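The structure under discussion appears below in the form of structure tokens.
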Amino acid sequence: MRQKINLILSIIALVAIVTTSIGITLVYYNLFQNQVRADLKQNARLLVESEVFQNAYQKGYEHAPSLANLSPGNLRITWIDADGTVLFDNDTNVSGLANHLDRPEIRQAFDSGEGESTRRSDTMNMNTFYYALLLENGTVLRVSTQARTIFSVLFNALPVILVIVAVTLIACVLIGHLLTKQLMKPLEVMAEHLDDASEPAYKELEPFARKIRSQHENILAAAKSRQDFTANVSHELKTPITAISGYAELIENNMVAKEDEAHVARQIRHNADRLHSLVNDIIKLSELDHLDRGESFETIDLFEVAKECVNDMKTAADKKQVKLTCKGSSAGVIADRALIREMIDNLVQNGIRYNKEKGSCEVYVTIQNARPILTVKDTGIGIPQDQLDRVFERFYRVDKSRSRETGGTGLGLAIVKHIVELHSAEIAINSTLGEGTTVTVSFWATAR
Ligand SMILES: Nc1ncnc2c1ncn2[C@@H]1O[C@H](COP(=O)(O)OP(=O)(O)OP(=O)(O)O)[C@@H](O)[C@H]1O
Ligand SMILES: [Mg+2]
């Protein structure tokens with residue numbers, strides 16, 4: 001960034017200096033030319049009025065050589081006869097000079113009384129300015145002087161221009177350095193204090209600061225949730241492993257009585273099953289984290305999948321003396337069949353697991369306002385209102401000991417929520433403590 005600012009400032013300065021130098025030279029040179037022409041005119045008129053010239057004018061051009069004494073500085077004086085013959089020239093011998101009738105300033109003077117022109121001498125890089133004046137006797141007096149061309153002026157000014165360029169470039173680099181330092185400072189301060197909500201130094205940075213802060217918060221939240229998840233997983237894995245290892249130690253040391261062997265084996269199996277379902281749920285969650293709506297999505301009948309699930313869960317429900325039913329009508333949804341099955345399985349499992357003896361669990365599929373709806377309603381123990389929002393969190397269980405007893409890992413509803421989100425559906429949970437719970441999932445009939 002620093003280099004870029006330096007470069008931009010230097011280019012701007014360079015362009016400004018070059019254009020200003022050329023512009024000033026052009027204006028100055030134009031003024032200078034006008035001044036040279038005005039001076040020539042003035043000199044010509046003064047010359048005509050001078051005594052020396054009047055003398056030569058009245059007595060004849062043979063007296064013109066005395067004019068040479070009058071010639072100030074580099075002024076060249078040429079006197080031309082009416083036929084173009086040069087009568088006098090203070091610079092050159094007239095015998096070597098050609099007829100001057102073809103010179104533009106002379107022609108103009110014969111035509112309109114006065115004439116002027118400028119001719120360039122490439123070899124000397126000089127311009128010659130001419131002014132010619134028609135005199136009363138039909139002859140023409142011409143004065144001329146030499147001045148530098150514009151290129152020569154520019155060339156002479158070049159060292160000064162180069163010094164200005166060098167000084168300005170150094171100034172640009174210094175200013176660029178200070179500017180970037182000043183610009184970067186608030187950004188560095190902001191990066192150091194991402195956590196506090198203080199206003200950024202520039203108003204223009206507000207959207208950027210907001211975005212960075214929200215991303216920063218999301219990253220921290222994601223890191224925290226990952227940390228919590230890892231801690232929970234370790235804790236959940238440790239409990240059954242410790243139990244299995246304890247029972248194994250008892251057997252190893254012959255400390256289990258014959259009549260207790262069946263109980264110990266049951267405990268080991270129970271804890272192994274727990275480990276198994278825990279690992280399965282973790283794998284499922286991690287798969288869902290990376291899953292996108294893909295080719296596995298197809299049009300399925302929600303009612304059919306619900307019926308299948310209820311049939312398979314019948315034995316488990318009977319074991320707990322819970323009446324499990326499935327009612328409703330066909331409802332087409334675009335979904336992943338296996339995931340929908342997993343979702344209904346989890347909801348029905350909860351409906352049975354957290355039910356009372358002789359309670360009921362009803363799965364209902366219907367279409368409301370063109371939206372396929374799945375409802376799982378039980379007459380179970382219910383969930384306290386203040387914990388309703390939390391049951392979708394990973395590893396959250398209302399009654400830890402009861403869930404553990406019944407084999408719950410606290411991941412079922414987290415998986416359900418993931419599946420619901422993947423299908424762009426919505427989930428709602430209603431519950432009355434001691435009376436029962438109703439979970440409703442609303443789908444869309446077409447893909448979203
Ligand atoms: N139908 C329900 N009735 C009463 N409580 C419920 C019901 N469904 C869920 N809960 C409560 O919400 C908690 C979280 O449920 P979730 O299904 O996520 O976990 P789990 O059933 O304990 O274990 P998992 O489903 O992973 O085997 C449960 O532990 C339970 O306390
Ligand atoms: Mg569950």
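Chain labels A, B, ... are given in the sequence in which chains occur in the structure tokens; within each chain residues are numbered consecutively from 1, and ligands are likewise numbered from 1 in the order shown.
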
Can I get the residues of chain A within 8 Å of ligand 2, each with the closest pair of atoms and their distance in Å to one decimal, using only C-alpha atoms and all ligand atoms, sorted chain first then ascending number, as JSON lines?
{"residue": "A:Asn346", "atom": "CA", "partner": "ligand 2", "partner_atom_place_in_ligand_line": "1 (Mg)", "distance": 5.5}
{"residue": "A:Leu347", "atom": "CA", "partner": "ligand 2", "partner_atom_place_in_ligand_line": "1 (Mg)", "distance": 6.7}
{"residue": "A:Gln349", "atom": "CA", "partner": "ligand 2", "partner_atom_place_in_ligand_line": "1 (Mg)", "distance": 6.1}
{"residue": "A:Asn350", "atom": "CA", "partner": "ligand 2", "partner_atom_place_in_ligand_line": "1 (Mg)", "distance": 4.7}
{"residue": "A:Arg353", "atom": "CA", "partner": "ligand 2", "partner_atom_place_in_ligand_line": "1 (Mg)", "distance": 7.8}
{"residue": "A:Gly408", "atom": "CA", "partner": "ligand 2", "partner_atom_place_in_ligand_line": "1 (Mg)", "distance": 6.0}
{"residue": "A:Thr409", "atom": "CA", "partner": "ligand 2", "partner_atom_place_in_ligand_line": "1 (Mg)", "distance": 7.4}
{"residue": "A:Gly410", "atom": "CA", "partner": "ligand 2", "partner_atom_place_in_ligand_line": "1 (Mg)", "distance": 6.3}
{"residue": "A:Leu411", "atom": "CA", "partner": "ligand 2", "partner_atom_place_in_ligand_line": "1 (Mg)", "distance": 6.8}
{"residue": "A:Gly412", "atom": "CA", "partner": "ligand 2", "partner_atom_place_in_ligand_line": "1 (Mg)", "distance": 4.2}
{"residue": "A:Leu413", "atom": "CA", "partner": "ligand 2", "partner_atom_place_in_ligand_line": "1 (Mg)", "distance": 6.0}

How close does each residue of chain A get to ligand 1, giving the shortest atom pair and distance in Å to one decimal for every residue with an atom at most 7 Å away, counting only C-alpha atoms and all ligand atoms, sorted by chain and residue number, as a Markdown table?
| residue | atom | partner | partner_atom_place_in_ligand_line | distance |
| --- | --- | --- | --- | --- |
| A:Asp281 | CA | ligand 1 | 26 (O) | 6.8 |
| A:Asn346 | CA | ligand 1 | 25 (O) | 5.9 |
| A:Leu347 | CA | ligand 1 | 8 (N) | 7.0 |
| A:Asn350 | CA | ligand 1 | 8 (N) | 4.6 |
| A:Gly351 | CA | ligand 1 | 1 (N) | 4.3 |
| A:Tyr354 | CA | ligand 1 | 3 (N) | 4.7 |
| A:Asn355 | CA | ligand 1 | 3 (N) | 6.7 |
| A:Asp378 | CA | ligand 1 | 1 (N) | 6.4 |
| A:Gly380 | CA | ligand 1 | 3 (N) | 5.8 |
| A:Ile381 | CA | ligand 1 | 4 (C) | 5.4 |
| A:Gly382 | CA | ligand 1 | 4 (C) | 4.3 |
| A:Ile383 | CA | ligand 1 | 5 (N) | 5.0 |
| A:Val391 | CA | ligand 1 | 12 (O) | 4.6 |
| A:Phe392 | CA | ligand 1 | 18 (O) | 6.0 |
| A:Arg394 | CA | ligand 1 | 18 (O) | 6.9 |
| A:Phe395 | CA | ligand 1 | 18 (O) | 6.7 |
| A:Tyr396 | CA | ligand 1 | 14 (C) | 5.5 |
| A:Arg397 | CA | ligand 1 | 29 (O) | 3.4 |
| A:Val398 | CA | ligand 1 | 31 (O) | 3.7 |
| A:Asp399 | CA | ligand 1 | 31 (O) | 5.2 |
| A:Lys400 | CA | ligand 1 | 29 (O) | 6.6 |
| A:Ser403 | CA | ligand 1 | 22 (O) | 4.9 |
| A:Gly407 | CA | ligand 1 | 27 (O) | 6.0 |
| A:Gly408 | CA | ligand 1 | 23 (O) | 3.2 |
| A:Thr409 | CA | ligand 1 | 23 (O) | 3.9 |
| A:Gly410 | CA | ligand 1 | 19 (O) | 3.1 |
| A:Leu411 | CA | ligand 1 | 26 (O) | 3.8 |
| A:Gly412 | CA | ligand 1 | 25 (O) | 3.3 |
| A:Leu413 | CA | ligand 1 | 18 (O) | 3.6 |
| A:Ala414 | CA | ligand 1 | 18 (O) | 5.7 |
| A:Gly436 | CA | ligand 1 | 3 (N) | 6.5 |
| A:Thr437 | CA | ligand 1 | 1 (N) | 5.2 |

Which of these residues is nearest to Ala16 of chain A, using only C-alpha atoms: A:Arg103, A:Leu169, A:Gln54, A:Gly96?
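Among the listed residues, A:Leu169 lies closest to Ala16 of chain A.
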
Determine, counting only C-alpha atoms, which protein, DNA and RNA residues have an atom within 9 Å of an atom of segment 202-211 of chain A; residues of the same chain fewer than 6 positions away are not included. Present the result as a list in words.
Pro186, Leu187, Met190 and Leu194 of chain A

Shortest interatomic distance to Arg148 of chain A - which of A:Asn125, A:Thr438, A:Ser330, A:Ser95, counting only C-alpha atoms:
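When distances to Arg148 of chain A are compared using only C-alpha atoms, the smallest one comes from A:Asn125.
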
All residues 9 Å or closer to Asn271 of chain A, only C-alpha atoms, same chain fewer than 2 positions away omitted, as a PDB file with N, CA and C atoms, in the first residue's frame:
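The new file selection.pdb reads:
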ATOM      1  N   THR A 239     -17.620 -41.970  30.561  1.00  0.00           N
ATOM      2  CA  THR A 239     -18.519 -42.658  31.512  1.00  0.00           C
ATOM      3  C   THR A 239     -18.691 -44.146  31.173  1.00  0.00           C
ATOM      4  N   PRO A 240     -19.138 -44.516  29.965  1.00  0.00           N
ATOM      5  CA  PRO A 240     -19.301 -45.962  29.695  1.00  0.00           C
ATOM      6  C   PRO A 240     -17.966 -46.713  29.679  1.00  0.00           C
ATOM      7  N   ILE A 241     -16.888 -46.014  29.216  1.00  0.00           N
ATOM      8  CA  ILE A 241     -15.589 -46.708  29.170  1.00  0.00           C
ATOM      9  C   ILE A 241     -15.140 -47.049  30.600  1.00  0.00           C
ATOM     10  N   ALA A 243     -17.050 -47.504  33.163  1.00  0.00           N
ATOM     11  CA  ALA A 243     -17.919 -48.582  33.674  1.00  0.00           C
ATOM     12  C   ALA A 243     -17.452 -49.941  33.143  1.00  0.00           C
ATOM     13  N   ILE A 244     -17.219 -50.012  31.825  1.00  0.00           N
ATOM     14  CA  ILE A 244     -16.793 -51.287  31.213  1.00  0.00           C
ATOM     15  C   ILE A 244     -15.469 -51.733  31.839  1.00  0.00           C
ATOM     16  N   ARG A 266     -24.676 -57.798  31.507  1.00  0.00           N
ATOM     17  CA  ARG A 266     -25.698 -56.855  31.019  1.00  0.00           C
ATOM     18  C   ARG A 266     -25.191 -55.414  31.082  1.00  0.00           C
ATOM     19  N   GLN A 267     -24.526 -55.113  32.187  1.00  0.00           N
ATOM     20  CA  GLN A 267     -24.001 -53.751  32.367  1.00  0.00           C
ATOM     21  C   GLN A 267     -22.942 -53.435  31.300  1.00  0.00           C
ATOM     22  N   ILE A 268     -22.085 -54.439  31.053  1.00  0.00           N
ATOM     23  CA  ILE A 268     -21.040 -54.221  30.038  1.00  0.00           C
ATOM     24  C   ILE A 268     -21.704 -53.995  28.678  1.00  0.00           C
ATOM     25  N   ARG A 269     -22.719 -54.814  28.374  1.00  0.00           N
ATOM     26  CA  ARG A 269     -23.403 -54.653  27.076  1.00  0.00           C
ATOM     27  C   ARG A 269     -24.119 -53.309  26.977  1.00  0.00           C
ATOM     28  N   ASP A 273     -23.350 -50.607  24.235  1.00  0.00           N
ATOM     29  CA  ASP A 273     -24.406 -50.078  23.344  1.00  0.00           C
ATOM     30  C   ASP A 273     -24.423 -48.550  23.367  1.00  0.00           C
ATOM     31  N   ARG A 274     -24.250 -48.033  24.564  1.00  0.00           N
ATOM     32  CA  ARG A 274     -24.234 -46.567  24.740  1.00  0.00           C
ATOM     33  C   ARG A 274     -23.085 -45.933  23.945  1.00  0.00           C
ATOM     34  N   LEU A 275     -21.918 -46.585  24.094  1.00  0.00           N
ATOM     35  CA  LEU A 275     -20.755 -46.099  23.337  1.00  0.00           C
ATOM     36  C   LEU A 275     -21.042 -46.134  21.840  1.00  0.00           C
ATOM     37  N   HIS A 276     -21.643 -47.254  21.432  1.00  0.00           N
ATOM     38  CA  HIS A 276     -21.946 -47.446  20.022  1.00  0.00           C
ATOM     39  C   HIS A 276     -22.872 -46.349  19.495  1.00  0.00           C
ATOM     40  N   GLY A 407     -30.556 -44.604  27.803  1.00  0.00           N
ATOM     41  CA  GLY A 407     -29.620 -44.709  26.670  1.00  0.00           C
ATOM     42  C   GLY A 407     -29.512 -43.451  25.827  1.00  0.00           C
TER      43      GLY A 407
END

Give me the residues near Asp318 of chain A as a PDB file with C-alpha atoms, in the first residue's frame, where near means some atom within 12 Å (using only C-alpha atoms) and where sequence neighbours in that chain fewer than 6 positions away do not count.
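After the write, out.pdb holds the following:
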ATOM      1  CA  VAL A 310     -43.898 -46.446  13.179  1.00  0.00           C
ATOM      2  CA  ASN A 311     -44.028 -50.118  12.089  1.00  0.00           C
ATOM      3  CA  ASP A 312     -40.359 -50.620  12.967  1.00  0.00           C
ATOM      4  CA  LEU A 324     -47.877 -45.876  18.887  1.00  0.00           C
ATOM      5  CA  THR A 325     -50.044 -44.839  15.904  1.00  0.00           C
ATOM      6  CA  ILE A 352     -41.638 -43.434  23.445  1.00  0.00           C
ATOM      7  CA  ARG A 353     -38.618 -42.884  25.699  1.00  0.00           C
ATOM      8  CA  ASN A 355     -43.515 -41.273  27.876  1.00  0.00           C
ATOM      9  CA  GLU A 357     -46.782 -46.190  31.126  1.00  0.00           C
ATOM     10  CA  LYS A 358     -49.911 -46.678  29.039  1.00  0.00           C
ATOM     11  CA  GLY A 359     -49.238 -43.367  27.343  1.00  0.00           C
ATOM     12  CA  SER A 360     -49.569 -42.759  23.624  1.00  0.00           C
ATOM     13  CA  CYS A 361     -47.465 -41.400  20.802  1.00  0.00           C
TER      14      CYS A 361
END

Using only C-alpha atoms, which of A:Leu141, A:Leu9, A:Ala248, A:Leu291 sits nearest Glu49 of chain A?
A:Leu141

Which segment 270-381 of chain A residues have any atom within 10 Å of an atom of segment 225-235 of chain A, and for each, what is the nearest pair of atoms with distance in Å to one decimal, counting only C-alpha atoms, rows sorted by chain and number, as a Markdown table?
| residue | atom | partner | partner_atom | distance |
| --- | --- | --- | --- | --- |
| A:Leu278 | CA | A:Val233 | CA | 8.5 |
| A:Val279 | CA | A:Val233 | CA | 9.1 |
| A:Ile282 | CA | A:Val233 | CA | 8.3 |

Can you tell me, as a PyMOL selection string, which residues in segment 180-272 of chain A count as helix (DSSP H, G or I) by DSSP?
chain A and resi 180-192+203-252+258-272

Just checking: using only C-alpha atoms, which residue out of A:Ala191, A:Gln387, A:Asn34, A:Leu133 ends up closest to Leu46 of chain A?
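Of A:Ala191, A:Gln387, A:Asn34, A:Leu133, the one nearest Leu46 of chain A is A:Leu133, counting only C-alpha atoms.
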